[in-house]
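Read through the structure below, which is laid out as structure tokens, and then see the notes.
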Amino acid sequence: MNTGFPRTAVVITLVGALVASCAGVSAQQTARTTGSIGYGPNPTLPKPRPTIIPIVNIADATGWQRGGMPAPARGLKVNAFAANLDHPRWLHVLPNGDVLVAESNAPEKRGQGFSLRKVFMTAAMKRAGAVTKSANRITLLRDTDGDGVADQRRTFAEGLNSPFGMTLSNGRLYVANTDALVAFPYSDGQTRARGRPRKIVDLPAGDLNHHWTKDVIASRDGRRLYVTVGSNSNIGENGMAAEKNRAAVLEVDPESRRTRVFASGLRNPNGLSWNPESGELWVAVNERDEIGDDLVPDYMTSVRAGGFYGWPYSYFGQNVDPRVKPPRPDLVAKAIKPDYALGAHTASLGLTFSKGASLGRTYANGAFVGQHGSWNRSVHSGYKVIFVPFRNGKPSGPPRDVLTGFLGRGGTAMGRPVGVAIDKTGALLVADDVGNVIWRVSRANRR
């Protein structure tokens with residue numbers, strides 16, 4: 001993939017209504033090194049530094065050169081399970097081992113009018129490989145000979161509306177489009193959806209639809225579905241009326257089609273996964289911007305019914321965001337502190353627990369996280385897949401790099417990891433939406 005831009009990271013400054021420009025400059029400012037800063041159950045949180053001119057430090061999306069691939073951790077190996085996809089974002093592994101891939105991107109936005117901020121942000125996202133026409137397709141991949149490479153590819157469903165999350169429950173494949181939760185009937189081994197999808201419920205969308213991705217997961221008994229919906233803003237600047245049923249995990253009854261807010265105050269929740277030890281629902285969340293390179297850490301956390309997790313009034317518990325007006329001290333007082341920080345601006349999207357993985361003892365109990373990578377931090381963060389060990393249902397140590405090397409010399413991005421899933425053999429699958437590849441991470445052969 002070639003974006004047509006020079007392969008150097010740039011800092012784009014957006015200055016109100018003034019005419020700004022993209023200038024190639026070195027991204028050496030005040031950010032700490034990525035390391036383990038901003039990770040763990042009790043991350044160091046520096047004082048907020050609100051900025052009038054937000055930093056947008058883009059890693060130019062270049063794609064992989066022939067033979068290029070990310071680097072696995074010691075004891076692991078990686079190969080391309082499938083290549084030449086169209087912006088693969090999310091994954092779901094079916095009981096027979098078939099892999100569904102949501103090839104998707106943001107829907108076209110209308111009716112927002114002109115603004116210099118919009119112009120520059122669009123240009124910035126193009127450099128990051130994040131502005132391509134959505135394929136609106138779910139593709140089925142099958143490995144018939146067990147060699148770790150998909151040798152069959154079928155279009156399972158098309159004509160969707162920015163599909164993202166998928167889950168199979170009680171003979172139905174549920175798909176979270178950007179504007180609705182829909183369902184197809186499914187039987188084992190099926191390679192093509194039958195008929196048009198049935199709409200279960202509408203989901204918050206509209207012309208603004210700031211965070212468009214929606215994930216979905218079913219309860220163990222299939223009686224409830226849980227859907228993530230991101231906020232319509234950074235910190236509520238579009239008014240809280242625009243945030244109805246947003247920044248939340250919704251609970252849906254697929255039979256009655258009733259919806260309620262299950263957990264709220266989650267700025268941009270994405271990957272959902274059930275914790276196999278505790279039975280709790282966990283989610284990866286992208287936090288707010290524009291108060292410093294090291295604020296606010298993205299995180300993963302268990303979510304409970306009726307729980308409030310701070311956004312927009314506070315972050316990581318009771319740390320008040322003074323930019324939000326009017327303040328809500330009543331809500332801040334009950335804000336639940338997230339379980340585990342995942343680093344500032346890492347864009348942690350994918351989340352799956354390692355139950356069933358065959359990557360060795362190191363990865364036997366914990367969670368894999370796909371970190372899509374920063375675009376607004378002066379020193380890049382994320383751009384890798386990590387593993388967080390768990391013990392007794394809770395995180396129990398520092399993160400470990402599983403798959404790195406997505407960033408090249410000069411700050412270019414050959415790939416950006418998004419969704420993660422465990423395949424039927426116990427290998428880890430990683431969707432790379434810039435490289436247009438599904439990577440497969442497995443245990444290296446032992447001599």
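Residues are named by chain letter and number: chains run A, B, ... in the order of the structure tokens, numbers start at 1 in each chain, and ligands are numbered from 1 in the order shown.
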
- Could you name the residues that touch segment 183-190 of chain A at 10 Å or less, counting only C-alpha atoms, but leaving out those on the same chain fewer than 2 positions away, as a PyMOL selection string? chain A and resi 94-98+140+142+156-157+166-176+180-181+192-200+254

Residue contacts of Gly67 of chain A (12 Å, only C-alpha atoms) excluding same-chain residues fewer than 4 positions away, as a compact mmCIF listing (two decimals) with N, CA and C atoms, in the first residue's frame:
```txt
# COMPACT_ATOMS: atom_id res chain seq x y z
N GLY A 63 2.22 -0.12 4.20
CA GLY A 63 2.02 -1.53 3.89
C GLY A 63 3.34 -2.28 3.95
N ASN A 79 2.99 -16.26 10.62
CA ASN A 79 2.83 -16.40 9.17
C ASN A 79 1.54 -15.70 8.76
N ALA A 80 1.43 -15.43 7.48
CA ALA A 80 0.21 -14.81 6.95
C ALA A 80 -0.84 -15.91 6.77
N ALA A 83 -3.96 -12.95 3.03
CA ALA A 83 -3.46 -11.65 2.60
C ALA A 83 -4.40 -11.06 1.54
N MET A 414 4.07 -0.18 8.58
CA MET A 414 3.81 -1.23 7.59
C MET A 414 2.47 -1.90 7.86
N GLY A 435 -1.74 -3.46 6.60
CA GLY A 435 -1.10 -4.49 5.80
C GLY A 435 -2.08 -5.33 5.01
```

- Just the strand (DSSP E or B) stuff from segment 82-211 of chain A, please, per backbone DSSP, written as number ranges by chain. A: 82, 88-93, 99-103, 137-142, 152-157, 166-169, 172-176, 180-185, 198-202

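Nearest residue to Asp151 of chain A among A:Val182, A:Ala427, A:Val99, A:Ile291 is A:Val99, counting only C-alpha atoms.
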
- Query: Mind pulling up the distance from atom CA of Ala284 of chain A to atom CA of Tyr299 of chain A?
  - Reply: 5.9 Å

- Message: Need the shell around segment 368-373 of chain A: protein/DNA/RNA residues with any atom at most 7 Å away, counting only C-alpha atoms. Skip same-chain ones fewer than 2 positions apart. Format as a VMD selection string?
- Response: chain A and resid 346 to 354 366 375 381 to 388 416 to 420

- Determine, counting only C-alpha atoms, which protein, DNA and RNA residues have an atom within 12 Å of an atom of Pro326 of chain A; residues of the same chain fewer than 6 positions away are not included. Present the result as a list in words.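 Once the nearby chain positions are removed, what remains is Ile235, Gly236, Glu237, Gly239, Met240, Pro312, Tyr313 and Val320 of chain A.
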
Kindly save the residues from that selection, with all heavy atoms included, as an mmCIF file, in the first residue's frame.
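Output file part.cif is given in full below:
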```cif
data_model
loop_
_atom_site.group_PDB
_atom_site.id
_atom_site.type_symbol
_atom_site.label_atom_id
_atom_site.label_comp_id
_atom_site.auth_asym_id
_atom_site.auth_seq_id
_atom_site.Cartn_x
_atom_site.Cartn_y
_atom_site.Cartn_z
ATOM 1 N N ILE A 235 -14.683 14.844 24.780
ATOM 2 C CA ILE A 235 -15.064 15.027 26.192
ATOM 3 C C ILE A 235 -16.453 15.644 26.325
ATOM 4 O O ILE A 235 -16.694 16.476 27.204
ATOM 5 C CB ILE A 235 -14.036 15.898 26.942
ATOM 6 C CG1 ILE A 235 -13.763 17.204 26.176
ATOM 7 C CG2 ILE A 235 -12.756 15.134 27.213
ATOM 8 C CD1 ILE A 235 -13.038 18.252 26.986
ATOM 9 N N GLY A 236 -17.366 15.278 25.434
ATOM 10 C CA GLY A 236 -18.723 15.777 25.545
ATOM 11 C C GLY A 236 -18.941 17.149 24.954
ATOM 12 O O GLY A 236 -19.951 17.786 25.241
ATOM 13 N N GLU A 237 -18.005 17.611 24.106
ATOM 14 C CA GLU A 237 -18.100 18.969 23.576
ATOM 15 C C GLU A 237 -19.256 19.167 22.610
ATOM 16 O O GLU A 237 -19.624 20.317 22.302
ATOM 17 C CB GLU A 237 -16.783 19.371 22.899
ATOM 18 C CG GLU A 237 -16.407 18.555 21.676
ATOM 19 C CD GLU A 237 -15.582 17.330 22.017
ATOM 20 O OE1 GLU A 237 -15.520 16.954 23.216
ATOM 21 O OE2 GLU A 237 -15.000 16.745 21.089
ATOM 22 N N GLY A 239 -22.238 18.255 23.383
ATOM 23 C CA GLY A 239 -23.421 18.232 24.238
ATOM 24 C C GLY A 239 -23.772 16.812 24.635
ATOM 25 O O GLY A 239 -23.640 15.875 23.841
ATOM 26 N N MET A 240 -24.234 16.644 25.867
ATOM 27 C CA MET A 240 -24.511 15.304 26.356
ATOM 28 C C MET A 240 -25.749 14.692 25.728
ATOM 29 O O MET A 240 -25.926 13.470 25.761
ATOM 30 C CB MET A 240 -24.630 15.323 27.880
ATOM 31 C CG MET A 240 -23.315 15.676 28.589
ATOM 32 S SD MET A 240 -21.885 14.670 28.040
ATOM 33 C CE MET A 240 -22.319 13.062 28.720
ATOM 34 N N PRO A 312 -17.549 11.681 30.733
ATOM 35 C CA PRO A 312 -16.374 12.514 30.448
ATOM 36 C C PRO A 312 -15.839 13.249 31.666
ATOM 37 O O PRO A 312 -14.861 13.983 31.565
ATOM 38 C CB PRO A 312 -16.949 13.524 29.438
ATOM 39 C CG PRO A 312 -18.349 13.757 29.920
ATOM 40 C CD PRO A 312 -18.807 12.400 30.421
ATOM 41 N N TYR A 313 -16.475 13.086 32.823
ATOM 42 C CA TYR A 313 -16.206 13.962 33.959
ATOM 43 C C TYR A 313 -14.912 13.646 34.687
ATOM 44 O O TYR A 313 -14.300 14.545 35.289
ATOM 45 C CB TYR A 313 -17.393 13.904 34.935
ATOM 46 C CG TYR A 313 -18.698 14.207 34.245
ATOM 47 C CD1 TYR A 313 -19.590 13.192 33.908
ATOM 48 C CD2 TYR A 313 -19.015 15.509 33.870
ATOM 49 C CE1 TYR A 313 -20.778 13.468 33.245
ATOM 50 C CE2 TYR A 313 -20.204 15.800 33.210
ATOM 51 C CZ TYR A 313 -21.075 14.769 32.893
ATOM 52 O OH TYR A 313 -22.237 15.043 32.219
ATOM 53 N N VAL A 320 -10.458 14.235 38.073
ATOM 54 C CA VAL A 320 -11.407 15.132 37.405
ATOM 55 C C VAL A 320 -10.792 15.747 36.161
ATOM 56 O O VAL A 320 -9.631 16.176 36.169
ATOM 57 C CB VAL A 320 -11.869 16.241 38.373
ATOM 58 C CG1 VAL A 320 -12.738 17.270 37.644
ATOM 59 C CG2 VAL A 320 -12.634 15.627 39.541
#
```

- Item | alpha helix (DSSP H) residues, from DSSP on the backbone, in segment 300-436 of chain A, as a ChimeraX atom specification | /A:329-333

- Among the residues A:Val434, A:Ala150, A:Ala242, A:Ala344, the one that comes closest to Thr412 of chain A [using only C-alpha atoms]: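 Distance minimum relative to Thr412 of chain A lands on A:Val434.
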
- Residue nearest Asn319 of chain A - candidates A:Ile52, A:Val332, A:Ala218, A:Val101, atoms counted: only C-alpha atoms: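 Nearest candidate to Asn319 of chain A out of A:Ile52, A:Val332, A:Ala218, A:Val101: A:Val332.
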
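For the pair atom CA of Tyr315 of chain A and atom CA of Val402 of chain A, the separation is 27.9 Å.
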
- For Thr259 of chain A, which residue out of A:Asn245, A:Asn232, A:Asn275, A:Thr44 is the nearest one, using only C-alpha atoms?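 Smallest separation from Thr259 of chain A among the options: A:Asn245.
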